[in-house]
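Quick look at protein06.cif (mmCIF, C-alpha atoms):
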data_upload
#
loop_
_atom_site.group_PDB
_atom_site.id
_atom_site.type_symbol
_atom_site.label_atom_id
_atom_site.label_comp_id
_atom_site.auth_asym_id
_atom_site.auth_seq_id
_atom_site.Cartn_x
_atom_site.Cartn_y
_atom_site.Cartn_z
ATOM 1 C CA MET A 30 -17.043 21.746 -4.256
ATOM 2 C CA ARG A 31 -15.978 18.795 -2.065
ATOM 3 C CA ALA A 32 -19.324 17.061 -2.513
ATOM 4 C CA GLY A 33 -19.181 17.682 -6.278
ATOM 5 C CA PHE A 34 -15.689 16.156 -6.507
ATOM 6 C CA ALA A 35 -16.779 13.082 -4.522
ATOM 7 C CA LYS A 36 -19.861 12.647 -6.727
ATOM 8 C CA LEU A 37 -17.718 12.890 -9.876
ATOM 9 C CA ALA A 38 -15.287 10.316 -8.404
ATOM 10 C CA VAL A 39 -18.152 7.901 -7.703
ATOM 11 C CA ALA A 40 -19.682 8.493 -11.162
ATOM 12 C CA LEU A 41 -16.355 7.920 -12.970
ATOM 13 C CA SER A 42 -15.636 4.780 -10.932
ATOM 14 C CA ILE A 43 -19.048 3.330 -11.756
ATOM 15 C CA LEU A 44 -18.670 4.310 -15.426
ATOM 16 C CA GLY A 45 -15.244 2.648 -15.478
ATOM 17 C CA LEU A 46 -16.678 -0.538 -13.961
ATOM 18 C CA LEU A 47 -19.464 -0.506 -16.545
ATOM 19 C CA LEU A 48 -16.992 -0.071 -19.425
ATOM 20 C CA ALA A 49 -14.742 -2.819 -18.002
ATOM 21 C CA SER A 50 -17.796 -5.114 -17.821
ATOM 22 C CA ILE A 51 -18.595 -4.330 -21.477
ATOM 23 C CA THR A 52 -14.966 -5.165 -22.346
ATOM 24 C CA LEU A 53 -15.374 -8.518 -20.625
ATOM 25 C CA TRP A 54 -18.632 -9.211 -22.460
ATOM 26 C CA LEU A 55 -17.067 -8.239 -25.819
ATOM 27 C CA GLY A 56 -14.027 -10.360 -25.016
ATOM 28 C CA PHE A 57 -16.192 -13.423 -24.591
ATOM 29 C CA THR A 58 -18.707 -12.792 -27.383
ATOM 30 C CA TYR A 59 -17.233 -10.493 -30.067
ATOM 31 C CA ALA A 60 -13.531 -11.392 -30.023
ATOM 32 C CA PRO A 61 -12.858 -14.465 -32.169
ATOM 33 C CA ALA A 62 -11.117 -17.610 -30.950
ATOM 34 C CA VAL A 63 -7.387 -17.982 -31.678
ATOM 35 C CA ASN A 64 -5.884 -20.770 -33.742
ATOM 36 C CA PRO A 65 -5.786 -23.819 -31.413
ATOM 37 C CA ASP A 66 -2.667 -25.115 -33.178
ATOM 38 C CA ASP A 67 -0.645 -22.081 -32.065
ATOM 39 C CA TRP A 68 -1.524 -22.159 -28.360
ATOM 40 C CA ALA A 69 -1.461 -24.804 -25.621
ATOM 41 C CA ALA A 70 -4.592 -23.322 -23.983
ATOM 42 C CA PRO A 71 -6.349 -21.264 -26.685
ATOM 43 C CA GLU A 72 -9.440 -20.478 -24.535
ATOM 44 C CA ALA A 73 -7.298 -18.891 -21.822
ATOM 45 C CA TYR A 74 -6.021 -16.144 -24.163
ATOM 46 C CA ARG A 75 -9.146 -14.111 -23.270
ATOM 47 C CA ILE A 76 -7.483 -13.300 -19.925
ATOM 48 C CA LEU A 77 -5.586 -10.603 -21.848
ATOM 49 C CA PHE A 78 -8.727 -8.417 -22.175
ATOM 50 C CA TRP A 79 -8.381 -7.426 -18.501
ATOM 51 C CA HIS A 80 -4.777 -8.440 -17.797
ATOM 52 C CA VAL A 81 -3.188 -5.966 -20.247
ATOM 53 C CA PRO A 82 -5.508 -3.000 -19.404
ATOM 54 C CA ALA A 83 -4.924 -3.647 -15.680
ATOM 55 C CA ALA A 84 -1.160 -3.528 -16.313
ATOM 56 C CA TRP A 85 -1.489 -0.210 -18.153
ATOM 57 C CA ALA A 86 -3.726 1.140 -15.386
ATOM 58 C CA SER A 87 -1.051 0.163 -12.856
ATOM 59 C CA PHE A 88 1.563 2.046 -14.896
ATOM 60 C CA LEU A 89 -0.614 5.174 -14.669
ATOM 61 C CA ALA A 90 -0.891 4.566 -10.904
ATOM 62 C CA PHE A 91 2.908 4.251 -10.605
ATOM 63 C CA THR A 92 3.251 7.489 -12.610
ATOM 64 C CA LEU A 93 0.994 9.243 -10.072
ATOM 65 C CA LEU A 94 3.139 7.701 -7.325
ATOM 66 C CA PHE A 95 6.282 9.093 -8.964
ATOM 67 C CA ILE A 96 4.852 12.614 -9.483
ATOM 68 C CA GLY A 97 3.510 12.683 -5.925
ATOM 69 C CA SER A 98 6.757 11.371 -4.426
ATOM 70 C CA ALA A 99 8.829 13.903 -6.381
ATOM 71 C CA ALA A 100 6.513 16.790 -5.398
ATOM 72 C CA TRP A 101 6.749 15.837 -1.723
ATOM 73 C CA PHE A 102 10.482 15.161 -1.785
ATOM 74 C CA LEU A 103 11.458 18.325 -3.663
ATOM 75 C CA SER A 104 8.984 20.923 -2.388
ATOM 76 C CA ARG A 105 7.179 19.346 0.591
ATOM 77 C CA ALA A 106 3.906 19.805 -1.292
ATOM 78 C CA GLU A 107 0.963 18.366 0.671
ATOM 79 C CA TRP A 108 -0.844 17.514 -2.567
ATOM 80 C CA GLY A 109 2.259 15.561 -3.576
ATOM 81 C CA TRP A 110 1.979 13.352 -0.508
ATOM 82 C CA LYS A 111 -1.736 12.775 -1.174
ATOM 83 C CA LEU A 112 -0.930 11.819 -4.765
ATOM 84 C CA HIS A 113 1.776 9.450 -3.503
ATOM 85 C CA VAL A 114 -0.822 7.701 -1.282
ATOM 86 C CA VAL A 115 -3.298 7.488 -4.191
ATOM 87 C CA GLY A 116 -0.641 6.028 -6.525
ATOM 88 C CA ALA A 117 0.491 3.436 -3.967
ATOM 89 C CA HIS A 118 -3.086 2.233 -3.332
ATOM 90 C CA LEU A 119 -3.954 1.944 -7.015
ATOM 91 C CA GLY A 120 -0.600 0.396 -7.900
ATOM 92 C CA LEU A 121 -1.401 -2.339 -5.399
ATOM 93 C CA VAL A 122 -4.988 -2.935 -6.603
ATOM 94 C CA TYR A 123 -4.155 -3.139 -10.315
ATOM 95 C CA GLY A 124 -0.797 -4.774 -9.643
ATOM 96 C CA MET A 125 -2.559 -7.589 -7.769
ATOM 97 C CA CYS A 126 -4.889 -8.118 -10.750
ATOM 98 C CA VAL A 127 -1.867 -8.488 -13.037
ATOM 99 C CA ILE A 128 0.200 -10.611 -10.635
ATOM 100 C CA ILE A 129 -2.703 -13.025 -10.038
ATOM 101 C CA SER A 130 -4.095 -13.315 -13.575
ATOM 102 C CA GLY A 131 -0.644 -13.604 -15.221
ATOM 103 C CA PRO A 132 0.491 -16.776 -13.432
ATOM 104 C CA ILE A 133 -2.968 -18.318 -13.940
ATOM 105 C CA TRP A 134 -2.548 -17.816 -17.703
ATOM 106 C CA GLY A 135 1.064 -19.017 -17.440
ATOM 107 C CA THR A 136 -0.072 -22.221 -15.753
ATOM 108 C CA ALA A 137 -2.575 -22.847 -18.559
ATOM 109 C CA GLU A 138 -0.269 -21.892 -21.436
ATOM 110 C CA TRP A 139 3.279 -22.634 -20.263
ATOM 111 C CA GLY A 140 2.532 -25.309 -17.697
ATOM 112 C CA THR A 141 4.277 -23.227 -15.031
ATOM 113 C CA PRO A 142 3.020 -20.096 -13.239
ATOM 114 C CA TRP A 143 6.358 -18.283 -13.105
ATOM 115 C CA ASP A 144 9.770 -18.117 -14.719
ATOM 116 C CA LEU A 145 12.460 -16.613 -12.506
ATOM 117 C CA THR A 146 14.671 -15.958 -15.542
ATOM 118 C CA ASP A 147 12.106 -13.741 -17.320
ATOM 119 C CA VAL A 148 12.951 -10.061 -16.738
ATOM 120 C CA ARG A 149 9.424 -8.730 -17.376
ATOM 121 C CA LEU A 150 7.832 -11.039 -14.814
ATOM 122 C CA ASN A 151 10.389 -10.232 -12.138
ATOM 123 C CA THR A 152 10.514 -6.429 -12.559
ATOM 124 C CA TYR A 153 6.708 -6.284 -12.453
ATOM 125 C CA ALA A 154 6.635 -8.481 -9.340
ATOM 126 C CA ILE A 155 9.054 -6.066 -7.628
ATOM 127 C CA LEU A 156 6.810 -3.131 -8.633
ATOM 128 C CA ALA A 157 3.733 -4.818 -7.147
ATOM 129 C CA ALA A 158 5.662 -5.773 -3.990
ATOM 130 C CA LEU A 159 6.831 -2.184 -3.685
ATOM 131 C CA SER A 160 3.271 -0.846 -3.727
ATOM 132 C CA LEU A 161 2.302 -3.464 -1.123
ATOM 133 C CA PHE A 162 5.217 -2.290 1.052
ATOM 134 C CA LEU A 163 4.109 1.347 0.684
ATOM 135 C CA VAL A 164 0.439 0.701 1.511
ATOM 136 C CA MET A 165 1.354 -1.424 4.542
ATOM 137 C CA GLY A 166 3.968 1.133 5.580
ATOM 138 C CA HIS A 167 1.444 3.992 5.421
ATOM 139 C CA GLN A 168 -0.911 2.012 7.645
ATOM 140 C CA THR A 169 1.626 0.887 10.234
ATOM 141 C CA GLN A 170 4.098 3.796 10.463
ATOM 142 C CA GLY A 171 3.243 7.103 12.062
ATOM 143 C CA ASP A 172 2.732 10.032 9.707
ATOM 144 C CA SER A 173 5.847 12.191 10.057
ATOM 145 C CA GLU A 174 8.079 14.141 7.712
ATOM 146 C CA GLU A 175 10.789 11.477 8.079
ATOM 147 C CA SER A 176 8.475 8.581 7.202
ATOM 148 C CA ARG A 177 7.097 10.539 4.236
ATOM 149 C CA ASP A 178 10.670 11.116 3.014
ATOM 150 C CA THR A 179 11.434 7.410 3.273
ATOM 151 C CA PHE A 180 8.292 6.328 1.442
ATOM 152 C CA SER A 181 8.753 9.005 -1.222
ATOM 153 C CA THR A 182 12.290 7.759 -1.881
ATOM 154 C CA VAL A 183 10.905 4.253 -2.368
ATOM 155 C CA GLY A 184 8.242 5.670 -4.716
ATOM 156 C CA LEU A 185 10.870 7.500 -6.779
ATOM 157 C CA PHE A 186 13.078 4.406 -7.012
ATOM 158 C CA GLY A 187 10.113 2.208 -7.890
ATOM 159 C CA PHE A 188 9.192 4.285 -10.911
ATOM 160 C CA LEU A 189 12.531 3.396 -12.521
ATOM 161 C CA LEU A 190 11.133 -0.119 -12.845
ATOM 162 C CA VAL A 191 8.220 1.086 -15.025
ATOM 163 C CA PRO A 192 10.232 1.874 -18.199
ATOM 164 C CA LEU A 193 12.413 -1.170 -17.469
ATOM 165 C CA THR A 194 9.301 -3.370 -17.265
ATOM 166 C CA ILE A 195 7.875 -1.878 -20.474
ATOM 167 C CA VAL A 196 11.045 -2.393 -22.539
ATOM 168 C CA ALA A 197 11.884 -5.793 -20.991
ATOM 169 C CA ILE A 198 9.707 -7.666 -23.497
ATOM 170 C CA ARG A 199 11.396 -5.898 -26.401
ATOM 171 C CA PHE A 200 15.008 -6.536 -25.360
ATOM 172 C CA TRP A 201 14.950 -9.603 -23.105
ATOM 173 C CA GLN A 202 11.815 -11.468 -24.170
ATOM 174 C CA LYS A 203 11.829 -15.018 -22.921
ATOM 175 C CA ARG A 204 8.484 -16.371 -21.747
ATOM 176 C CA HIS A 205 6.211 -13.358 -21.498
ATOM 177 C CA PRO A 206 4.562 -12.645 -24.895
ATOM 178 C CA GLY A 207 5.941 -9.709 -26.876
ATOM 179 C CA PRO A 208 4.227 -6.313 -27.015
ATOM 180 C CA VAL A 209 0.725 -6.529 -28.490
ATOM 181 C CA ILE A 210 0.773 -2.897 -29.634
ATOM 182 C CA GLY A 211 3.725 -1.513 -31.581
ATOM 183 C CA GLY A 212 5.499 -4.844 -31.509
ATOM 184 C CA GLY A 213 6.040 -5.208 -35.260
ATOM 185 C CA GLU A 214 4.372 -7.433 -37.837
ATOM 186 C CA GLU A 215 4.842 -10.702 -35.935
ATOM 187 C CA ALA A 216 3.078 -9.352 -32.858
ATOM 188 C CA GLY A 217 0.016 -8.221 -34.781
ATOM 189 C CA LEU A 218 -3.357 -9.146 -33.317
ATOM 190 C CA ALA A 219 -6.504 -9.915 -35.297
ATOM 191 C CA PRO A 220 -8.376 -6.610 -35.842
ATOM 192 C CA ASP A 221 -11.397 -7.697 -33.762
ATOM 193 C CA ILE A 222 -9.194 -8.787 -30.855
ATOM 194 C CA LEU A 223 -7.213 -5.541 -31.062
ATOM 195 C CA ALA A 224 -10.445 -3.488 -31.107
ATOM 196 C CA VAL A 225 -11.699 -5.158 -27.904
ATOM 197 C CA LEU A 226 -8.280 -4.757 -26.279
ATOM 198 C CA LEU A 227 -8.157 -1.041 -27.136
ATOM 199 C CA PHE A 228 -11.661 -0.609 -25.733
ATOM 200 C CA GLY A 229 -10.439 -2.392 -22.589
ATOM 201 C CA LEU A 230 -7.437 -0.072 -22.317
ATOM 202 C CA PHE A 231 -9.745 2.956 -22.537
ATOM 203 C CA SER A 232 -12.156 1.438 -19.980
ATOM 204 C CA PHE A 233 -9.424 0.808 -17.422
ATOM 205 C CA GLN A 234 -7.992 4.309 -17.869
ATOM 206 C CA VAL A 235 -11.441 5.729 -17.032
ATOM 207 C CA LEU A 236 -11.663 3.316 -14.094
ATOM 208 C CA VAL A 237 -8.232 4.162 -12.691
ATOM 209 C CA ILE A 238 -8.925 7.919 -12.957
ATOM 210 C CA GLY A 239 -12.257 7.388 -11.139
ATOM 211 C CA HIS A 240 -10.497 5.274 -8.501
ATOM 212 C CA ALA A 241 -7.750 7.892 -8.073
ATOM 213 C CA MET A 242 -10.380 10.575 -7.469
ATOM 214 C CA LEU A 243 -12.221 8.220 -5.092
ATOM 215 C CA VAL A 244 -9.124 7.615 -2.926
ATOM 216 C CA TRP A 245 -8.405 11.346 -2.997
ATOM 217 C CA ALA A 246 -11.992 12.125 -1.880
ATOM 218 C CA VAL A 247 -11.760 9.577 0.962
ATOM 219 C CA ASN A 248 -8.449 11.074 2.149
ATOM 220 C CA GLU A 249 -9.836 14.622 1.959
ATOM 221 C CA THR A 250 -12.964 13.643 3.921
ATOM 222 C CA GLU A 251 -10.816 11.921 6.579
ATOM 223 C CA LEU A 252 -8.683 15.053 7.001
ATOM 224 C CA ARG A 253 -11.738 17.318 7.135
ATOM 225 C CA LEU A 254 -13.397 15.064 9.732
ATOM 226 C CA ALA A 255 -10.265 15.063 11.900
ATOM 227 C CA LYS A 256 -10.137 18.885 11.698
ATOM 228 C CA VAL A 257 -13.799 19.314 12.701
ATOM 229 C CA GLN A 258 -13.364 16.823 15.560
ATOM 230 C CA ARG A 259 -10.354 18.804 16.830
ATOM 231 C CA GLU A 260 -12.449 21.994 16.749
ATOM 232 C CA ILE A 261 -15.211 20.282 18.732
ATOM 233 C CA ASP A 262 -12.698 18.953 21.276
ATOM 234 C CA ASN A 263 -11.197 22.406 21.750
ATOM 235 C CA ARG A 264 -14.562 23.934 22.739
ATOM 236 C CA MET B 26 -4.996 -30.766 -15.332
ATOM 237 C CA ALA B 27 -7.805 -28.213 -15.540
ATOM 238 C CA GLY B 28 -8.703 -26.884 -18.982
ATOM 239 C CA GLY B 29 -8.091 -23.383 -20.331
ATOM 240 C CA THR B 30 -11.702 -22.365 -19.630
ATOM 241 C CA THR B 31 -11.296 -23.207 -15.933
ATOM 242 C CA PHE B 32 -8.140 -21.070 -15.699
ATOM 243 C CA LEU B 33 -9.959 -18.292 -17.565
ATOM 244 C CA ALA B 34 -12.846 -18.416 -15.079
ATOM 245 C CA ILE B 35 -10.527 -18.439 -12.050
ATOM 246 C CA ALA B 36 -8.541 -15.458 -13.391
ATOM 247 C CA TYR B 37 -11.648 -13.340 -14.014
ATOM 248 C CA ILE B 38 -13.258 -14.265 -10.692
ATOM 249 C CA ALA B 39 -10.044 -13.158 -8.951
ATOM 250 C CA MET B 40 -9.805 -9.875 -10.895
ATOM 251 C CA ILE B 41 -13.518 -9.063 -10.474
ATOM 252 C CA GLY B 42 -13.156 -9.835 -6.760
ATOM 253 C CA ILE B 43 -10.153 -7.529 -6.353
ATOM 254 C CA ILE B 44 -11.498 -4.565 -8.365
ATOM 255 C CA GLY B 45 -15.147 -4.950 -7.323
ATOM 256 C CA GLY B 46 -14.356 -5.616 -3.669
ATOM 257 C CA TRP B 47 -11.916 -2.733 -3.397
ATOM 258 C CA THR B 48 -14.311 -0.298 -5.156
ATOM 259 C CA TRP B 49 -17.159 -1.384 -2.861
ATOM 260 C CA GLN B 50 -14.931 -0.911 0.186
ATOM 261 C CA MET B 51 -13.895 2.602 -0.911
ATOM 262 C CA LEU B 52 -17.480 3.659 -1.748
ATOM 263 C CA HIS B 53 -18.676 2.354 1.620
ATOM 264 C CA ARG B 54 -15.852 4.185 3.406
ATOM 265 C CA LEU B 55 -16.611 7.452 1.585
ATOM 266 C CA LYS B 56 -20.307 7.178 2.482
ATOM 267 C CA ASP B 57 -19.492 6.414 6.125
ATOM 268 C CA LEU B 58 -16.977 9.262 6.408
ATOM 269 C CA SER B 59 -19.349 11.723 4.688
ATOM 270 C CA SER B 60 -22.175 10.945 7.119
ATOM 271 C CA ARG B 61 -19.802 11.247 10.106
ATOM 272 C CA LEU B 62 -18.490 14.558 8.764
ATOM 273 C CA ALA B 63 -22.031 15.893 8.274
ATOM 274 C CA ALA B 64 -22.899 14.915 11.862
ATOM 275 C CA ALA B 65 -19.698 16.483 13.233
ATOM 276 C CA GLU B 66 -20.264 19.716 11.269
ATOM 277 C CA ALA B 67 -23.870 19.879 12.489
ATOM 278 C CA SER B 68 -22.639 19.375 16.045
ATOM 279 C CA LEU B 69 -20.039 22.120 15.605
ATOM 280 C CA ALA B 70 -22.636 24.512 14.149
ATOM 281 C CA LEU B 71 -24.953 23.781 17.100
ATOM 282 C CA ALA B 72 -22.136 24.429 19.570
ATOM 283 C CA GLU B 73 -21.403 27.765 17.835
ATOM 284 C CA THR B 74 -25.106 28.759 17.992
ATOM 285 C CA ASP B 75 -25.283 27.841 21.689
ATOM 286 C CA GLY B 76 -22.083 29.759 22.359
ATOM 287 C CA ALA B 77 -23.456 32.851 20.623
ATOM 288 C CA ALA B 78 -26.762 32.572 22.544
ATOM 289 C CA ASP B 79 -24.904 32.268 25.866
ATOM 290 C CA THR B 80 -22.875 35.395 25.076
ATOM 291 C CA SER B 81 -25.971 37.461 24.208
ATOM 292 C CA ASP B 82 -27.791 36.217 27.383
ATOM 293 C CA SER B 83 -24.920 37.248 29.630
ATOM 294 C CA SER B 84 -24.635 40.686 27.976
ATOM 295 C CA GLU B 85 -28.410 41.247 28.467
ATOM 296 C CA GLU B 86 -28.080 40.394 32.170
ATOM 297 C CA GLU B 87 -25.304 42.960 32.557
#

Please render this file's structure as structure tokens.
Amino acid sequence: MRAGFAKLAVALSILGLLLASITLWLGFTYAPAVNPDDWAAPEAYRILFWHVPAAWASFLAFTLLFIGSAAWFLSRAEWGWKLHVVGAHLGLVYGMCVIISGPIWGTAEWGTPWDLTDVRLNTYAILAALSLFLVMGHQTQGDSEESRDTFSTVGLFGFLLVPLTIVAIRFWQKRHPGPVIGGGEEAGLAPDILAVLLFGLFSFQVLVIGHAMLVWAVNETELRLAKVQREIDNR
Amino acid sequence: MAGGTTFLAIAYIAMIGIIGGWTWQMLHRLKDLSSRLAAAEASLALAETDGAADTSDSSEEE
């Protein structure tokens, strides 16, 4: 059962990587160029084929973090704590992708990597910083009920930023581009670009599910190893 | 200032590095932990077999 779960986690992660690679290839070969008159750096727009899916993958990770935190906080469920750890790790990995690629595109397109007055940029930065705090906290603080309570509270608070980050570009759009899906007629993408982006979104959802199972399998194996070592020591 | 293609390349190198590097690290860790667990379980099973053999030897002597 354990070995089967780990194998499935590895298979899904590799499949996700393969699909993400295909997205990248399609983004460079199939997706058409944008009108150079409308953009300062038209070539750089292709960053969106991984930037947007990585952001959506991070939102799924933060959702796992929220569910896990709530399950631990409300019912002391061990699986809840494990899910909290998984969500924090993946929130950091995908959050870093977004936080690094976004300012690179901003530098090319806007001439500045960041705008401190843009709500979307700042709420997402806090989300990514929060996952960094959680991962570092898990590694440096001892595992106790009190520390789990503290980290779970942070995880619950952090999730409030997810809907705020999503709606920020609808209500307080300043620099960050508007929503590419469901953003009205003005936000419409060319059909070929949208098709590649949707394929990318699917690819990264497969990848983040594979990664979540992978972190879970690693944590389970660590716990099992510690248990067997304790049994050996007690003999 | 660098062109859009340069920024595009830097962004993808960074993202591939983060996702690829982290996945590689986790796969390596899972493989390492699995082999250590297999060795520990084999050691535990051996200790149990030895323990059972010792018990049967001592009961035969009695």

### Message
Once the PyMOL selection byres ((chain B) within 8 of (chain A)) is applied to the coordinates I shared, what remains selected? I want it as a VMD selection string.
### Response
chain B and resid 28 to 30 32 to 33 35 to 37 39 to 40 43 to 44 47 to 48 51 to 52 54 to 55 58 to 59 61 to 62 65 to 66 68 to 69

### Query
Just how far from CA of Gly45 (chain A) is CA of Met242 (chain A), in Å to one decimal?
12.3 Å

### Query
At what distance in Å, to one decimal, does CA of Ser176 (chain A) lie from CA of Tyr153 (chain A)?
24.7 Å

### Message
Take the PyMOL selection byres ((chain A and resi 229-232) around 6), run it mentally on this structure, and tell me the resulting residues as a list in words.
### Response
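What the PyMOL selection byres ((chain A and resi 229-232) around 6) grabs from the file is Gly45, Leu48, Ala49, Thr52, Pro82, Leu226, Leu227, Phe228, Phe233, Gln234 and Val235 of chain A.
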
### Query
Could you state the separation of CA of Ala64 (chain B) and CA of Ala40 (chain A) in Å, given to one decimal place?
24.1 Å

Which centre and which edge lengths, in Å to one decimal, describe the axis-aligned box that holds all listed atoms of region 222-231 of chain A after 3 Å is added on each side, as lines of an AutoDock Vina configuration file?
center_x = -9.5
center_y = -2.9
center_z = -26.7
size_x = 10.5
size_y = 17.7
size_z = 14.8

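Closest approach to Pro142 (chain A) among A:Ile51, A:Asp221, A:Ile128, A:Ser160 is made by A:Ile128 (distances from all atoms listed in the file).
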
Starting from the sparse input, extend region 124-140 of chain A to N, CA and C atoms and give the output as a short mmCIF file (atom, residue, chain, number, x, y, z; two decimals), keeping the file's coordinate frame.
data_model
loop_
_atom_site.label_atom_id
_atom_site.label_comp_id
_atom_site.auth_asym_id
_atom_site.auth_seq_id
_atom_site.Cartn_x
_atom_site.Cartn_y
_atom_site.Cartn_z
N GLY A 124 -1.94 -3.87 -9.63
CA GLY A 124 -0.80 -4.77 -9.64
C GLY A 124 -1.20 -6.18 -9.22
N MET A 125 -2.09 -6.27 -8.21
CA MET A 125 -2.56 -7.59 -7.77
C MET A 125 -3.34 -8.30 -8.88
N CYS A 126 -4.14 -7.52 -9.62
CA CYS A 126 -4.89 -8.12 -10.75
C CYS A 126 -3.91 -8.75 -11.75
N VAL A 127 -2.84 -8.01 -12.05
CA VAL A 127 -1.87 -8.49 -13.04
C VAL A 127 -1.09 -9.68 -12.49
N ILE A 128 -0.64 -9.57 -11.25
CA ILE A 128 0.20 -10.61 -10.64
C ILE A 128 -0.58 -11.92 -10.42
N ILE A 129 -1.90 -11.81 -10.23
CA ILE A 129 -2.70 -13.02 -10.04
C ILE A 129 -3.12 -13.62 -11.38
N SER A 130 -3.60 -12.77 -12.30
CA SER A 130 -4.10 -13.32 -13.58
C SER A 130 -2.96 -13.83 -14.46
N GLY A 131 -1.78 -13.18 -14.39
CA GLY A 131 -0.64 -13.60 -15.22
C GLY A 131 -0.21 -15.05 -14.96
N PRO A 132 0.09 -15.38 -13.71
CA PRO A 132 0.49 -16.78 -13.43
C PRO A 132 -0.62 -17.80 -13.72
N ILE A 133 -1.87 -17.38 -13.61
CA ILE A 133 -2.97 -18.32 -13.94
C ILE A 133 -2.90 -18.64 -15.44
N TRP A 134 -2.69 -17.59 -16.26
CA TRP A 134 -2.55 -17.82 -17.70
C TRP A 134 -1.28 -18.63 -17.99
N GLY A 135 -0.19 -18.29 -17.26
CA GLY A 135 1.06 -19.02 -17.44
C GLY A 135 0.91 -20.50 -17.15
N THR A 136 0.15 -20.82 -16.10
CA THR A 136 -0.07 -22.22 -15.75
C THR A 136 -0.80 -22.94 -16.89
N ALA A 137 -1.80 -22.24 -17.47
CA ALA A 137 -2.58 -22.85 -18.56
C ALA A 137 -1.74 -22.99 -19.84
N GLU A 138 -0.97 -21.94 -20.15
CA GLU A 138 -0.27 -21.89 -21.44
C GLU A 138 1.13 -22.51 -21.38
N TRP A 139 1.89 -22.17 -20.34
CA TRP A 139 3.28 -22.63 -20.26
C TRP A 139 3.42 -23.91 -19.45
N GLY A 140 2.42 -24.16 -18.60
CA GLY A 140 2.53 -25.31 -17.70
C GLY A 140 3.26 -24.96 -16.41
#
